[in-house]
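Structure file final-v4.cif (mmCIF, C-alpha atoms) is printed below.
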data_run
#
loop_
_atom_site.label_atom_id
_atom_site.label_comp_id
_atom_site.auth_asym_id
_atom_site.auth_seq_id
_atom_site.Cartn_x
_atom_site.Cartn_y
_atom_site.Cartn_z
CA MET A 65 0.00 0.00 0.00
CA GLN A 66 1.15 3.50 -0.89
CA LEU A 67 -0.13 6.49 1.08
CA TYR A 68 0.27 9.91 -0.51
CA ILE A 69 0.25 12.76 2.00
CA ALA A 70 1.15 16.45 2.17
CA TYR A 71 3.16 18.52 4.63
CA LYS A 72 3.29 16.90 8.05
CA ASN A 73 3.38 20.29 9.70
CA TYR A 74 0.17 21.49 8.08
CA SER A 75 -1.87 18.66 6.56
CA SER A 76 -4.61 17.67 8.97
CA TRP A 77 -6.27 15.30 6.50
CA SER A 78 -2.97 13.51 5.84
CA LEU A 79 -2.39 12.96 9.56
CA ARG A 80 -5.67 11.07 10.01
CA PRO A 81 -5.04 7.86 8.00
CA TRP A 82 -1.29 8.03 8.63
CA ILE A 83 -1.66 7.90 12.42
CA ALA A 84 -4.39 5.25 12.17
CA MET A 85 -2.19 2.98 10.07
CA LYS A 86 0.86 3.54 12.23
CA VAL A 87 -0.90 2.86 15.54
CA ALA A 88 -2.67 -0.18 14.08
CA GLY A 89 0.61 -1.57 12.74
CA ILE A 90 -0.56 -1.67 9.12
CA PRO A 91 2.48 -1.53 6.84
CA PHE A 92 2.58 1.04 4.06
CA ASP A 93 4.93 3.23 2.07
CA GLU A 94 4.44 6.99 2.18
CA THR A 95 5.09 9.69 -0.37
CA LEU A 96 4.93 13.33 0.67
CA LEU A 97 3.69 15.75 -2.00
CA PRO A 98 4.56 19.39 -1.19
CA PHE A 99 1.67 20.66 -3.30
CA ALA A 100 2.40 24.38 -2.85
CA HIS A 101 6.02 23.90 -3.87
CA SER A 102 5.73 21.45 -6.78
CA ASP A 103 3.24 20.06 -9.32
CA ALA A 104 3.38 16.53 -7.85
CA LEU A 105 -0.21 16.68 -6.59
CA LYS A 106 -1.47 17.79 -10.00
CA GLN A 107 0.36 14.86 -11.58
CA LEU A 108 -1.17 12.44 -9.09
CA SER A 109 -4.64 13.83 -9.80
CA GLU A 110 -4.19 13.46 -13.53
CA ARG A 111 -2.72 9.98 -13.23
CA TYR A 112 -5.65 8.55 -11.28
CA GLN A 113 -8.41 10.94 -12.43
CA ILE A 114 -9.23 12.01 -8.88
CA PRO A 115 -9.52 15.41 -7.14
CA ALA A 116 -6.24 17.21 -6.54
CA GLN A 117 -6.18 16.53 -2.81
CA VAL A 118 -4.49 14.30 -0.26
CA PRO A 119 -4.40 11.82 1.33
CA VAL A 120 -4.66 9.14 -1.32
CA LEU A 121 -4.19 5.44 -0.65
CA VAL A 122 -3.24 3.22 -3.60
CA VAL A 123 -3.59 -0.50 -3.03
CA ASN A 124 -2.42 -3.19 -5.41
CA GLU A 125 -4.71 -6.16 -4.77
CA GLY A 126 -3.39 -8.29 -7.60
CA GLU A 127 -1.82 -8.00 -11.00
CA ALA A 128 -4.98 -6.65 -12.61
CA GLU A 129 -6.61 -4.73 -9.75
CA GLN A 130 -5.59 -1.45 -8.18
CA LEU A 131 -7.68 0.47 -5.68
CA VAL A 132 -7.39 4.24 -5.40
CA ILE A 133 -9.04 5.78 -2.32
CA TRP A 134 -8.89 9.57 -1.96
CA ASP A 135 -10.63 10.57 1.26
CA SER A 136 -9.37 10.20 4.84
CA LEU A 137 -12.49 8.59 6.25
CA ALA A 138 -12.95 6.38 3.19
CA ILE A 139 -9.35 5.20 3.55
CA MET A 140 -9.87 4.31 7.20
CA GLU A 141 -13.15 2.53 6.48
CA TYR A 142 -11.30 0.44 3.90
CA LEU A 143 -8.61 -0.36 6.45
CA ALA A 144 -11.21 -1.35 9.07
CA GLU A 145 -12.79 -3.76 6.58
CA THR A 146 -9.47 -5.15 5.38
CA PHE A 147 -7.85 -5.54 8.80
CA PRO A 148 -10.71 -6.40 11.20
CA ASP A 149 -8.24 -7.82 13.72
CA ARG A 150 -6.79 -4.31 14.26
CA LYS A 151 -10.13 -3.15 15.74
CA LEU A 152 -10.12 0.25 14.11
CA TRP A 153 -13.77 0.50 15.15
CA PRO A 154 -14.90 -0.73 18.59
CA GLU A 155 -16.64 -4.10 18.69
CA ASP A 156 -19.55 -2.90 20.84
CA LYS A 157 -22.42 -1.77 18.58
CA ALA A 158 -23.49 1.21 20.70
CA LEU A 159 -19.93 2.46 21.15
CA ARG A 160 -19.23 1.95 17.46
CA SER A 161 -22.32 3.97 16.56
CA LEU A 162 -21.19 6.80 18.84
CA ALA A 163 -17.69 6.71 17.37
CA ARG A 164 -18.99 6.76 13.81
CA SER A 165 -21.32 9.67 14.57
CA ALA A 166 -18.49 11.71 16.10
CA ALA A 167 -16.12 10.86 13.23
CA ALA A 168 -18.69 11.93 10.65
CA GLU A 169 -19.31 15.20 12.51
CA MET A 170 -15.59 15.95 12.44
CA HIS A 171 -15.47 15.10 8.74
CA SER A 172 -18.07 17.72 7.82
CA GLY A 173 -18.14 20.20 10.70
CA PHE A 174 -16.16 22.51 12.98
CA MET A 175 -15.58 24.96 10.13
CA ALA A 176 -14.90 27.97 12.37
CA LEU A 177 -12.19 26.13 14.31
CA ARG A 178 -10.62 24.68 11.18
CA SER A 179 -10.55 27.98 9.26
CA SER A 180 -9.46 30.21 12.14
CA PHE A 181 -6.86 27.85 13.59
CA PRO A 182 -5.16 25.81 10.84
CA MET A 183 -3.12 22.81 11.90
CA ASN A 184 0.47 23.83 12.50
CA CYS A 185 2.50 21.43 14.63
CA ARG A 186 5.21 24.02 15.19
CA VAL A 187 2.99 26.82 16.48
CA GLN A 188 2.97 27.77 20.16
CA LYS A 189 0.94 30.89 20.91
CA GLN A 190 -2.13 32.11 22.74
CA ILE A 191 -4.95 33.39 20.52
CA ALA A 192 -8.43 34.28 21.73
CA ALA A 193 -11.30 32.28 20.27
CA SER A 194 -14.13 34.05 18.45
CA VAL A 195 -17.74 33.39 19.37
CA GLU A 196 -18.00 30.97 16.45
CA VAL A 197 -14.84 29.09 17.45
CA ARG A 198 -15.97 29.01 21.08
CA ALA A 199 -19.17 27.31 19.93
CA ASN A 200 -17.05 24.67 18.18
CA LEU A 201 -14.98 24.14 21.32
CA ASP A 202 -18.12 23.80 23.41
CA ARG A 203 -19.38 21.18 20.97
CA LEU A 204 -16.11 19.27 21.39
CA ALA A 205 -16.68 19.28 25.14
CA GLN A 206 -20.16 17.85 24.59
CA ILE A 207 -18.80 15.06 22.38
CA TRP A 208 -16.14 14.18 24.94
CA ALA A 209 -18.85 14.06 27.61
CA HIS A 210 -20.74 11.52 25.49
CA PHE A 211 -17.68 9.28 25.46
CA GLU A 212 -17.07 9.79 29.16
CA ARG A 213 -20.57 8.45 29.86
CA ALA A 214 -20.33 5.58 27.37
CA LYS A 215 -19.79 2.00 28.45
CA LYS A 216 -16.32 1.17 27.14
CA PRO A 217 -13.08 -0.66 27.99
CA GLU A 218 -10.40 0.99 30.09
CA GLY A 219 -7.99 3.17 28.18
CA PRO A 220 -7.09 6.81 27.50
CA PHE A 221 -8.73 7.11 24.10
CA LEU A 222 -12.31 7.90 23.15
CA CYS A 223 -13.35 4.25 22.89
CA GLY A 224 -10.81 3.03 25.43
CA HIS A 225 -8.39 1.75 22.81
CA PHE A 226 -7.22 3.86 19.85
CA SER A 227 -9.68 3.84 16.97
CA ILE A 228 -10.69 5.75 13.85
CA VAL A 229 -12.52 8.40 15.84
CA ASP A 230 -9.26 9.31 17.61
CA ALA A 231 -7.54 9.60 14.24
CA MET A 232 -10.31 11.87 12.96
CA TYR A 233 -9.84 14.27 15.87
CA ALA A 234 -6.03 14.04 15.95
CA PRO A 235 -5.53 17.41 14.18
CA VAL A 236 -7.81 19.06 16.75
CA MET A 237 -5.31 18.02 19.41
CA TRP A 238 -2.64 20.07 17.61
CA ARG A 239 -4.97 23.05 17.21
CA VAL A 240 -5.99 23.13 20.86
CA ARG A 241 -2.43 22.64 22.16
CA GLY A 242 -0.77 24.99 19.68
CA TYR A 243 -3.11 27.95 20.09
CA GLY A 244 -3.80 27.63 23.82
CA LEU A 245 -7.50 26.86 23.40
CA LYS A 246 -9.68 25.41 26.16
CA VAL A 247 -12.16 22.55 25.77
CA SER A 248 -12.60 20.41 28.91
CA PRO A 249 -10.58 18.29 31.37
CA ALA A 250 -11.71 15.13 29.55
CA PHE A 251 -10.42 16.54 26.28
CA ASP A 252 -7.12 17.50 27.93
CA ARG A 253 -6.58 13.93 29.17
CA TRP A 254 -7.26 12.55 25.70
CA ALA A 255 -5.04 15.16 24.04
CA GLN A 256 -2.13 14.28 26.30
CA ALA A 257 -2.51 10.58 25.48
CA MET A 258 -2.60 11.40 21.77
CA PHE A 259 0.45 13.65 22.00
CA GLU A 260 2.41 10.98 23.87
CA LEU A 261 1.79 8.24 21.29
CA PRO A 262 5.19 7.23 19.85
CA GLU A 263 3.66 7.42 16.39
CA MET A 264 2.49 10.99 17.00
CA GLN A 265 5.91 11.93 18.29
CA ALA A 266 7.42 10.54 15.08
CA TRP A 267 5.01 12.70 13.04
CA TYR A 268 5.96 15.72 15.18
CA VAL A 269 9.68 15.22 14.64
CA SER A 270 9.16 15.03 10.88
CA ALA A 271 6.98 18.16 10.98
CA GLN A 272 9.68 20.03 12.88
CA ASP A 273 12.27 19.01 10.31
CA GLU A 274 10.32 20.23 7.28
CA SER A 275 11.76 23.31 5.59
CA TRP A 276 8.61 24.34 3.71
CA THR A 277 6.45 27.16 5.01
CA MET A 278 2.93 28.20 3.99
CA PRO A 279 2.15 31.78 5.06
CA HIS A 280 -1.64 31.35 5.18
CA TYR A 281 -1.19 28.53 7.74
CA GLU A 282 0.84 30.85 9.97
CA VAL A 283 -1.76 32.64 12.13
CA ASN A 284 -0.56 35.99 13.52
#
Same coordinates, now as structure tokens:
Amino acid sequence: MQLYIAYKNYSSWSLRPWIAMKVAGIPFDETLLPFAHSDALKQLSERYQIPAQVPVLVVNEGEAEQLVIWDSLAIMEYLAETFPDRKLWPEDKALRSLARSAAAEMHSGFMALRSSFPMNCRVQKQIAASVEVRANLDRLAQIWAHFERAKKPEGPFLCGHFSIVDAMYAPVMWRVRGYGLKVSPAFDRWAQAMFELPEMQAWYVSAQDESWTMPHYEVN
């Protein structure tokens, strides 16, 4: 399997399947496409006739069959189906339904937070949240409260063990930590567990080492 991603410092959508695959121990090769500094993403789009976006997972399932999956959540759903033993979704039906609902909400929502506070693993500053962003942060607190009340195994992640829903919210951890935002004590405990994952630390080191900068991701 080949996973195409963008800048580790900035690409929230790339982080999601990357961290899921790493934590689950699913082997893959990665190719980073610095789309603002080369035409590699355009070439990938033209090659596979897909939108010019990342991440993209290319899977060779045999000599004649190649799968091309170009959405973070779609990639992780494919992985959950292909590697059921990795338990990328919780086994309990109620907990799985909660996790899927929260993952879908992240996929399509939180626009104020995402636009006002872009993912930037290197940033460390305090910025006040607007009313719209504060509403997004309050909604995060509500979601975390749902998981706190849920019947689930022991563990520091939303479903006890790491799962797709944690991967979907992984970039939010960087936003909250990097810009000094406040959500809830439950969120803080989860964020610390996410930050301390060896796989997340590996991502962070790579992000720190990148030389590319994108001015519109650098919030003043």
To one decimal place in Å, what is the distance between CA of Pro182 in chain A and CA of His225 in chain A?
27.1 Å
Going by the chain IDs and residue numbers used in this file, which residues fall under the PyMOL selection byres ((chain A and resi 279) around 12)? Write them as a PyMOL selection string.
chain A and resi 74+100+182+184+276-278+280-284
For this structure, which residues satisfy the selection - the PyMOL selection byres ((chain A and resi 71) around 12) - when it is evaluated on the file as given? I want them as a ChimeraX atom specification.
/A:68-70,72-79,94-101,105,118-119,183-185,267-268,270-278,281
Which residues are near Pro220 in chain A? Cut-off 9 Å, all atoms listed in the file, ignore same chain within fewer than 3 positions. Put them as a tab-separated table (two decimals) with C-alpha atoms, in the frame of the given file.
chain	number	residue	atom	x	y	z
A	223	CYS	CA	-13.35	4.25	22.89
A	224	GLY	CA	-10.81	3.03	25.43
A	225	HIS	CA	-8.39	1.75	22.81
A	226	PHE	CA	-7.22	3.86	19.85
A	253	ARG	CA	-6.58	13.93	29.17
A	254	TRP	CA	-7.26	12.55	25.70
A	257	ALA	CA	-2.51	10.58	25.48
A	258	MET	CA	-2.60	11.40	21.77
Written as a PyMOL selection string, which residues does the PyMOL selection byres ((chain A and resi 132-143) around 9) give for the file shown?
chain A and resi 77-81+84-85+90+112+114-115+117-124+130-131+144-148+150+152-153+167-168+171+228+232
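One finds CA of Val195 in chain A at 26.8 Å from CA of Ala163 in chain A.
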Between A:Phe221, A:Phe181, A:Tyr243, A:Trp208, which is the closest to Glu260 in chain A once you count only C-alpha atoms?
A:Phe221
Name the residues in contact with Gln206 in chain A at a cut-off of 10 Å, using all atoms listed in the file, excluding same-chain residues fewer than 6 positions from it; report them as number ranges by chain.
A: 200, 212, 247-248, 251
Write the residues you've just listed into a file as a compact mmCIF listing (two decimals), in the coordinates of the input, and include C-alpha atoms for each of them.
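Final output, saved to out-v2.txt:
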# COMPACT_ATOMS: atom_id res chain seq x y z
CA ASN A 200 -17.05 24.67 18.18
CA GLU A 212 -17.07 9.79 29.16
CA VAL A 247 -12.16 22.55 25.77
CA SER A 248 -12.60 20.41 28.91
CA PHE A 251 -10.42 16.54 26.28
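Taking CA of Gly244 in chain A and CA of Leu204 in chain A as the two end points, the separation is 15.1 Å.
Proximity to Gly89 in chain A was assessed for A:Gln190, A:Gln256, A:Lys151, A:Ser180 counting all atoms listed in the file; the smallest distance is recorded for A:Lys151.
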Would you mind putting N, CA, C and O atoms back on range 67-93 of chain A and writing the result as a PDB file, in the frame of the given file?
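Below is the file that was written, part11.pdb:
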ATOM      1  N   LEU A  67       0.654   5.381   0.579  1.00  0.00           N
ATOM      2  CA  LEU A  67      -0.130   6.490   1.080  1.00  0.00           C
ATOM      3  C   LEU A  67       0.536   7.794   0.656  1.00  0.00           C
ATOM      4  O   LEU A  67       1.688   8.051   0.990  1.00  0.00           O
ATOM      5  N   TYR A  68      -0.213   8.596  -0.087  1.00  0.00           N
ATOM      6  CA  TYR A  68       0.270   9.910  -0.510  1.00  0.00           C
ATOM      7  C   TYR A  68      -0.272  10.946   0.476  1.00  0.00           C
ATOM      8  O   TYR A  68      -1.472  11.000   0.740  1.00  0.00           O
ATOM      9  N   ILE A  69       0.623  11.752   1.011  1.00  0.00           N
ATOM     10  CA  ILE A  69       0.250  12.760   2.000  1.00  0.00           C
ATOM     11  C   ILE A  69       0.870  14.093   1.602  1.00  0.00           C
ATOM     12  O   ILE A  69       1.644  14.185   0.640  1.00  0.00           O
ATOM     13  N   ALA A  70       0.527  15.139   2.355  1.00  0.00           N
ATOM     14  CA  ALA A  70       1.150  16.450   2.170  1.00  0.00           C
ATOM     15  C   ALA A  70       1.967  16.781   3.411  1.00  0.00           C
ATOM     16  O   ALA A  70       2.269  15.911   4.223  1.00  0.00           O
ATOM     17  N   TYR A  71       2.289  18.046   3.550  1.00  0.00           N
ATOM     18  CA  TYR A  71       3.160  18.520   4.630  1.00  0.00           C
ATOM     19  C   TYR A  71       2.718  17.975   5.995  1.00  0.00           C
ATOM     20  O   TYR A  71       1.572  18.138   6.402  1.00  0.00           O
ATOM     21  N   LYS A  72       3.639  17.398   6.724  1.00  0.00           N
ATOM     22  CA  LYS A  72       3.290  16.900   8.050  1.00  0.00           C
ATOM     23  C   LYS A  72       3.037  18.039   9.028  1.00  0.00           C
ATOM     24  O   LYS A  72       2.274  17.873   9.981  1.00  0.00           O
ATOM     25  N   ASN A  73       3.632  19.175   8.792  1.00  0.00           N
ATOM     26  CA  ASN A  73       3.380  20.290   9.700  1.00  0.00           C
ATOM     27  C   ASN A  73       1.972  20.847   9.552  1.00  0.00           C
ATOM     28  O   ASN A  73       1.381  21.312  10.525  1.00  0.00           O
ATOM     29  N   TYR A  74       1.413  20.794   8.345  1.00  0.00           N
ATOM     30  CA  TYR A  74       0.170  21.490   8.080  1.00  0.00           C
ATOM     31  C   TYR A  74      -1.022  20.600   7.701  1.00  0.00           C
ATOM     32  O   TYR A  74      -2.167  21.033   7.841  1.00  0.00           O
ATOM     33  N   SER A  75      -0.790  19.426   7.192  1.00  0.00           N
ATOM     34  CA  SER A  75      -1.870  18.660   6.560  1.00  0.00           C
ATOM     35  C   SER A  75      -2.652  17.825   7.553  1.00  0.00           C
ATOM     36  O   SER A  75      -2.289  16.692   7.875  1.00  0.00           O
ATOM     37  N   SER A  76      -3.771  18.377   8.000  1.00  0.00           N
ATOM     38  CA  SER A  76      -4.610  17.670   8.970  1.00  0.00           C
ATOM     39  C   SER A  76      -5.217  16.404   8.364  1.00  0.00           C
ATOM     40  O   SER A  76      -5.298  15.366   9.029  1.00  0.00           O
ATOM     41  N   TRP A  77      -5.640  16.473   7.116  1.00  0.00           N
ATOM     42  CA  TRP A  77      -6.270  15.300   6.500  1.00  0.00           C
ATOM     43  C   TRP A  77      -5.258  14.186   6.277  1.00  0.00           C
ATOM     44  O   TRP A  77      -5.590  13.008   6.367  1.00  0.00           O
ATOM     45  N   SER A  78      -4.007  14.537   6.003  1.00  0.00           N
ATOM     46  CA  SER A  78      -2.970  13.510   5.840  1.00  0.00           C
ATOM     47  C   SER A  78      -2.688  12.784   7.147  1.00  0.00           C
ATOM     48  O   SER A  78      -2.449  11.575   7.176  1.00  0.00           O
ATOM     49  N   LEU A  79      -2.689  13.551   8.243  1.00  0.00           N
ATOM     50  CA  LEU A  79      -2.390  12.960   9.560  1.00  0.00           C
ATOM     51  C   LEU A  79      -3.373  11.839   9.895  1.00  0.00           C
ATOM     52  O   LEU A  79      -2.984  10.830  10.499  1.00  0.00           O
ATOM     53  N   ARG A  80      -4.638  11.992   9.541  1.00  0.00           N
ATOM     54  CA  ARG A  80      -5.670  11.070  10.010  1.00  0.00           C
ATOM     55  C   ARG A  80      -5.403   9.612   9.605  1.00  0.00           C
ATOM     56  O   ARG A  80      -5.276   8.754  10.483  1.00  0.00           O
ATOM     57  N   PRO A  81      -5.315   9.266   8.320  1.00  0.00           N
ATOM     58  CA  PRO A  81      -5.040   7.860   8.000  1.00  0.00           C
ATOM     59  C   PRO A  81      -3.629   7.439   8.361  1.00  0.00           C
ATOM     60  O   PRO A  81      -3.392   6.276   8.699  1.00  0.00           O
ATOM     61  N   TRP A  82      -2.681   8.370   8.300  1.00  0.00           N
ATOM     62  CA  TRP A  82      -1.290   8.030   8.630  1.00  0.00           C
ATOM     63  C   TRP A  82      -1.193   7.543  10.070  1.00  0.00           C
ATOM     64  O   TRP A  82      -0.604   6.492  10.334  1.00  0.00           O
ATOM     65  N   ILE A  83      -1.771   8.301  11.011  1.00  0.00           N
ATOM     66  CA  ILE A  83      -1.660   7.900  12.420  1.00  0.00           C
ATOM     67  C   ILE A  83      -2.459   6.631  12.675  1.00  0.00           C
ATOM     68  O   ILE A  83      -2.041   5.768  13.457  1.00  0.00           O
ATOM     69  N   ALA A  84      -3.605   6.465  11.997  1.00  0.00           N
ATOM     70  CA  ALA A  84      -4.390   5.250  12.170  1.00  0.00           C
ATOM     71  C   ALA A  84      -3.605   4.025  11.721  1.00  0.00           C
ATOM     72  O   ALA A  84      -3.586   2.996  12.415  1.00  0.00           O
ATOM     73  N   MET A  85      -2.949   4.119  10.584  1.00  0.00           N
ATOM     74  CA  MET A  85      -2.190   2.980  10.070  1.00  0.00           C
ATOM     75  C   MET A  85      -0.974   2.689  10.934  1.00  0.00           C
ATOM     76  O   MET A  85      -0.643   1.524  11.188  1.00  0.00           O
ATOM     77  N   LYS A  86      -0.319   3.739  11.396  1.00  0.00           N
ATOM     78  CA  LYS A  86       0.860   3.540  12.230  1.00  0.00           C
ATOM     79  C   LYS A  86       0.506   2.883  13.566  1.00  0.00           C
ATOM     80  O   LYS A  86       1.144   1.919  13.999  1.00  0.00           O
ATOM     81  N   VAL A  87      -0.520   3.400  14.239  1.00  0.00           N
ATOM     82  CA  VAL A  87      -0.900   2.860  15.540  1.00  0.00           C
ATOM     83  C   VAL A  87      -1.410   1.426  15.390  1.00  0.00           C
ATOM     84  O   VAL A  87      -1.134   0.558  16.236  1.00  0.00           O
ATOM     85  N   ALA A  88      -2.132   1.155  14.305  1.00  0.00           N
ATOM     86  CA  ALA A  88      -2.670  -0.180  14.080  1.00  0.00           C
ATOM     87  C   ALA A  88      -1.635  -1.171  13.570  1.00  0.00           C
ATOM     88  O   ALA A  88      -1.907  -2.371  13.482  1.00  0.00           O
ATOM     89  N   GLY A  89      -0.450  -0.681  13.232  1.00  0.00           N
ATOM     90  CA  GLY A  89       0.610  -1.570  12.740  1.00  0.00           C
ATOM     91  C   GLY A  89       0.348  -2.088  11.343  1.00  0.00           C
ATOM     92  O   GLY A  89       0.737  -3.210  11.009  1.00  0.00           O
ATOM     93  N   ILE A  90      -0.291  -1.290  10.506  1.00  0.00           N
ATOM     94  CA  ILE A  90      -0.560  -1.670   9.120  1.00  0.00           C
ATOM     95  C   ILE A  90       0.569  -1.142   8.254  1.00  0.00           C
ATOM     96  O   ILE A  90       0.781   0.069   8.172  1.00  0.00           O
ATOM     97  N   PRO A  91       1.319  -2.002   7.604  1.00  0.00           N
ATOM     98  CA  PRO A  91       2.480  -1.530   6.840  1.00  0.00           C
ATOM     99  C   PRO A  91       2.084  -0.781   5.574  1.00  0.00           C
ATOM    100  O   PRO A  91       1.109  -1.136   4.901  1.00  0.00           O
ATOM    101  N   PHE A  92       2.822   0.268   5.277  1.00  0.00           N
ATOM    102  CA  PHE A  92       2.580   1.040   4.060  1.00  0.00           C
ATOM    103  C   PHE A  92       3.825   1.856   3.740  1.00  0.00           C
ATOM    104  O   PHE A  92       4.682   2.087   4.596  1.00  0.00           O
ATOM    105  N   ASP A  93       3.906   2.279   2.502  1.00  0.00           N
ATOM    106  CA  ASP A  93       4.930   3.230   2.070  1.00  0.00           C
ATOM    107  C   ASP A  93       4.274   4.598   1.952  1.00  0.00           C
ATOM    108  O   ASP A  93       3.112   4.698   1.562  1.00  0.00           O
TER     109      ASP A  93
END
